[in-house]
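S.K.: My structure is below; once you've seen it, I'll send some questions.
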Amino acid sequence: MKNIFIAILMMGLGMIQAQELKAYQFYDKKGKEVKTDKLIKELAEYDVVFFGENHNSSINHWLQLKVTEGLFAKKNGQIILGAEMFERDNQSQLNQYLEGKFDAKTLKDSARLWNNYPTDYKPLVDFAKAKKLNFIATNIPRRYASQTAKEGLESLNKLSAQEKAYIAQLPIKVTLDTPGYQEMKAMMGDHAEGTKVMNFISAQATKDATMAESILKSMQAGKTFIHYNGNYHSKEFGGIYWYIKQKNPNLKMAVISVFESEDPELKVPAKEYIPTDFNLIIPADMTKTF
């Protein structure tokens with residue numbers, strides 16, 4: 001009877017454990033679990049941190065804010081923020097909001113904010129405002145990336161000097177050796193025209209190169225620059241990371257990549273998993289913001 005009771009008790013405990021839910025899990029490059037406090041401690045040693053995201057993932061954005069808050073405390077405020085979601089020609093409007101000269105509505109009316117800005121990026125901007133931190137609008141104005149996709153990289157040469165100031169210095173090097181760009185080419189399929197494919201990849205390159213240049217121009221000695229960008233812009237150490245490495249190979253940079261998993265224990269995926277320095281695994285059915 002005693003053994004039966006113990007067996008039932010153990011089954012009950014097993015059911016409780018089976019119902020344990022995980023919202024996220026960080027891993028290092030070797031597949032070892034990393035606690036958030038240790039992650040923040042390690043990130044404080046880097047010059048640049050790329051925090052990749054799935055744009056519509058609520059937990060992804062929440063973790064960006066919490067890691068930023070932790071990094072601010074660890075570095076005694078010596079951090080700079082920057083994001084793909086803000087374009088260079090909107091830096092003035094962003095600065096005026098950070099300085100209290102614009103209210104939220106004026107910023108919304110005068111800058112090209114993403115539709116999910118209120119839920120996903122405003123908390124980061126407001127943190128920068130409260131702590132008097134620099135927040136850099138790093139990306140190329142989308143009209144120039146769109147122009148590149150339609151007309152090619154050479155079309156940017158026709159822009160005025162003022163317009164070129166919002167883009168990485170021309171000419172921008174575009175090569176399929178950049179991690180991720182071969183994947184983009186494959187996604188377009190064999191039927192796609194060569195010129196069309198390269199224009200599309202070049203448009204991506206204008207974004208990556210411009211964000212890289214923006215980060216390099218805004219860095220300050222002793223401060224960690226934390227950059228928020230779509231996972232594709234830094235996955236596999238490509239994109240922005242690759243362009244910065246071409247200019248300054250001595251910078252210490254860390255990439256946080258994000259992966260979705262159906263596994264309730266959020267273990268490292270067995271397939272299509274190429275880790276970077278730190279790897280965030282989140283549930284595939286996590287609440288989406290759009």
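Convention: chains lettered A, B, ... in structure tokens order; per-chain residue numbering from 1; ligands numbered from 1 as shown.
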Identify, on the basis of only C-alpha atoms, every residue whose closest approach to region 51-53 of chain A does not exceed 7 Å; exclude the query and any residue fewer than 5 positions from it along the same chain; express the result as a list in words.

M.R.: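 The residues that qualify are Asn60, His227, Tyr228, Asn229, Gly230, Asn231, Ser234, Val255, Ile256, Ser257 and Val258 of chain A.
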
S.K.: Given the selection you just returned, output its residues as a file containing C-alpha atoms, formatted as a PDB file, in the first residue's frame.

M.R.:
```pdb
ATOM      1  CA  ASN A  60      11.466  39.194 -27.753  1.00  0.00           C
ATOM      2  CA  HIS A 227      21.425  47.676 -31.470  1.00  0.00           C
ATOM      3  CA  TYR A 228      17.941  46.269 -32.051  1.00  0.00           C
ATOM      4  CA  ASN A 229      17.383  44.775 -35.476  1.00  0.00           C
ATOM      5  CA  GLY A 230      15.501  42.072 -37.292  1.00  0.00           C
ATOM      6  CA  ASN A 231      17.220  38.746 -36.793  1.00  0.00           C
ATOM      7  CA  SER A 234      22.869  39.971 -37.926  1.00  0.00           C
ATOM      8  CA  VAL A 255      25.228  38.773 -31.688  1.00  0.00           C
ATOM      9  CA  ILE A 256      22.047  37.568 -29.987  1.00  0.00           C
ATOM     10  CA  SER A 257      20.077  35.496 -32.494  1.00  0.00           C
ATOM     11  CA  VAL A 258      16.502  34.357 -32.030  1.00  0.00           C
TER      12      VAL A 258
END
```

S.K.: Show which residues sit within 12 Å of Ala186 (chain A), as JSON, numbers by chain. Count only C-alpha atoms, and ignore same-chain residues fewer than 6 positions away.

M.R.: {"A": [176, 180, 192, 194, 197, 198, 201]}

S.K.: How would the residues just picked look written out with N, CA and C atoms as a JSON list (two decimals), in the first residue's frame?

M.R.:
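Okay, selection.json is ready:
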```
[["chain", "number", "residue", "atom", "x", "y", "z"],
["A", 176, "LEU", "N", 28.07, 38.20, -52.49],
["A", 176, "LEU", "CA", 27.33, 37.03, -52.01],
["A", 176, "LEU", "C", 28.13, 36.26, -50.96],
["A", 180, "GLY", "N", 24.12, 35.09, -45.35],
["A", 180, "GLY", "CA", 22.70, 35.41, -45.49],
["A", 180, "GLY", "C", 22.30, 35.82, -46.89],
["A", 192, "ALA", "N", 14.21, 33.71, -61.14],
["A", 192, "ALA", "CA", 14.36, 35.16, -61.01],
["A", 192, "ALA", "C", 15.54, 35.65, -61.86],
["A", 194, "GLY", "N", 18.79, 37.66, -63.04],
["A", 194, "GLY", "CA", 20.02, 37.98, -62.32],
["A", 194, "GLY", "C", 20.07, 39.40, -61.83],
["A", 197, "VAL", "N", 17.60, 39.94, -58.95],
["A", 197, "VAL", "CA", 18.09, 39.31, -57.72],
["A", 197, "VAL", "C", 19.13, 40.20, -57.05],
["A", 198, "MET", "N", 20.10, 40.67, -57.85],
["A", 198, "MET", "CA", 21.17, 41.48, -57.27],
["A", 198, "MET", "C", 20.67, 42.83, -56.79],
["A", 201, "ILE", "N", 19.15, 42.10, -53.39],
["A", 201, "ILE", "CA", 20.21, 41.88, -52.40],
["A", 201, "ILE", "C", 20.93, 43.20, -52.10]]
```

S.K.: Identify, with DSSP run on backbone atoms, the residues in region 56-179 of chain A assigned to helix (DSSP H, G or I), and express the list as a PyMOL selection string.

M.R.: chain A and resi 58-74+88-98+104-110+117-131+142-151+153-158+161-164

S.K.: Taking the DSSP secondary structure from the backbone, can you list the residues of region 118-238 of chain A that are strand (DSSP E or B), as a list in words?

M.R.: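 Across region 118-238 of chain A, those assigned strand (DSSP E or B) are Phe135, Ile136, Ala137, Thr138, Asn139, Thr224, Phe225, Ile226, His227, Tyr228, Asn229 and Gly230 of chain A.
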
S.K.: May I have the residues from that selection written out with all heavy atoms, as a compact mmCIF listing (two decimals), in the first residue's frame?

M.R.:
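What landed in part_1.txt:
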```txt
# COMPACT_ATOMS: atom_id res chain seq x y z
N PHE A 135 19.91 57.69 -28.46
CA PHE A 135 19.21 56.65 -29.21
C PHE A 135 19.39 57.00 -30.68
O PHE A 135 18.89 58.02 -31.15
CB PHE A 135 17.73 56.59 -28.84
CG PHE A 135 17.05 55.30 -29.23
CD1 PHE A 135 16.48 54.48 -28.27
CD2 PHE A 135 16.97 54.90 -30.56
CE1 PHE A 135 15.86 53.27 -28.61
CE2 PHE A 135 16.34 53.72 -30.91
CZ PHE A 135 15.80 52.90 -29.94
N ILE A 136 20.10 56.13 -31.41
CA ILE A 136 20.51 56.44 -32.77
C ILE A 136 19.56 55.82 -33.80
O ILE A 136 19.29 54.61 -33.76
CB ILE A 136 21.94 55.95 -33.05
CG1 ILE A 136 22.90 56.44 -31.95
CG2 ILE A 136 22.41 56.40 -34.42
CD1 ILE A 136 22.97 57.94 -31.77
N ALA A 137 19.07 56.66 -34.69
CA ALA A 137 18.28 56.19 -35.84
C ALA A 137 19.29 55.72 -36.89
O ALA A 137 19.91 56.53 -37.57
CB ALA A 137 17.42 57.32 -36.38
N THR A 138 19.46 54.42 -37.03
CA THR A 138 20.60 53.90 -37.80
C THR A 138 20.29 53.57 -39.26
O THR A 138 21.21 53.49 -40.07
CB THR A 138 21.16 52.62 -37.14
OG1 THR A 138 20.15 51.60 -37.15
CG2 THR A 138 21.63 52.88 -35.72
N ASN A 139 19.05 53.39 -39.61
CA ASN A 139 18.72 52.79 -40.90
C ASN A 139 18.66 53.80 -42.05
O ASN A 139 18.43 54.99 -41.84
CB ASN A 139 17.39 52.04 -40.80
CG ASN A 139 17.29 50.86 -41.76
OD1 ASN A 139 18.16 50.64 -42.60
ND2 ASN A 139 16.24 50.09 -41.63
N THR A 224 28.94 50.60 -24.32
CA THR A 224 28.42 49.50 -25.14
C THR A 224 27.27 50.01 -25.98
O THR A 224 26.33 50.62 -25.46
CB THR A 224 27.94 48.34 -24.25
OG1 THR A 224 29.05 47.78 -23.54
CG2 THR A 224 27.30 47.24 -25.09
N PHE A 225 27.36 49.80 -27.28
CA PHE A 225 26.28 50.17 -28.20
C PHE A 225 25.40 48.95 -28.37
O PHE A 225 25.85 47.93 -28.88
CB PHE A 225 26.86 50.61 -29.55
CG PHE A 225 25.87 51.31 -30.44
CD1 PHE A 225 26.08 52.62 -30.85
CD2 PHE A 225 24.72 50.67 -30.89
CE1 PHE A 225 25.18 53.28 -31.68
CE2 PHE A 225 23.80 51.31 -31.71
CZ PHE A 225 24.04 52.62 -32.12
N ILE A 226 24.13 49.04 -27.95
CA ILE A 226 23.20 47.93 -28.13
C ILE A 226 22.24 48.28 -29.25
O ILE A 226 21.59 49.33 -29.24
CB ILE A 226 22.46 47.55 -26.83
CG1 ILE A 226 21.53 46.36 -27.04
CG2 ILE A 226 21.73 48.74 -26.22
CD1 ILE A 226 21.03 45.71 -25.77
N HIS A 227 22.20 47.41 -30.26
CA HIS A 227 21.43 47.68 -31.47
C HIS A 227 20.32 46.64 -31.63
O HIS A 227 20.56 45.44 -31.53
CB HIS A 227 22.34 47.64 -32.70
CG HIS A 227 21.69 48.16 -33.94
ND1 HIS A 227 21.11 47.34 -34.88
CD2 HIS A 227 21.51 49.43 -34.39
CE1 HIS A 227 20.61 48.08 -35.86
NE2 HIS A 227 20.84 49.35 -35.59
N TYR A 228 19.11 47.13 -31.88
CA TYR A 228 17.94 46.27 -32.05
C TYR A 228 17.64 46.16 -33.55
O TYR A 228 17.44 47.19 -34.22
CB TYR A 228 16.73 46.83 -31.30
CG TYR A 228 17.07 47.36 -29.93
CD1 TYR A 228 17.18 48.74 -29.71
CD2 TYR A 228 17.34 46.50 -28.87
CE1 TYR A 228 17.51 49.23 -28.46
CE2 TYR A 228 17.68 46.98 -27.61
CZ TYR A 228 17.77 48.36 -27.42
OH TYR A 228 18.12 48.85 -26.18
N ASN A 229 17.63 44.95 -34.05
CA ASN A 229 17.38 44.78 -35.48
C ASN A 229 16.72 43.43 -35.74
O ASN A 229 16.81 42.50 -34.93
CB ASN A 229 18.69 44.87 -36.27
CG ASN A 229 19.79 43.96 -35.76
OD1 ASN A 229 20.68 44.42 -35.04
ND2 ASN A 229 19.75 42.69 -36.11
N GLY A 230 16.06 43.34 -36.88
CA GLY A 230 15.50 42.07 -37.29
C GLY A 230 16.59 41.01 -37.32
O GLY A 230 17.74 41.30 -37.68
```

S.K.: Between CA of Lys29 (chain A) and CA of Phe259 (chain A), what is the distance in Å, rounded to a tenth?

M.R.: 13.4 Å

S.K.: Using only C-alpha atoms for the distances, tell me which of A:Leu71, A:Val268, A:Ala149, A:Ala23 is nearest to Lys38 (chain A).

M.R.: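 That would be A:Leu71, the residue with the smallest distance to Lys38 (chain A).
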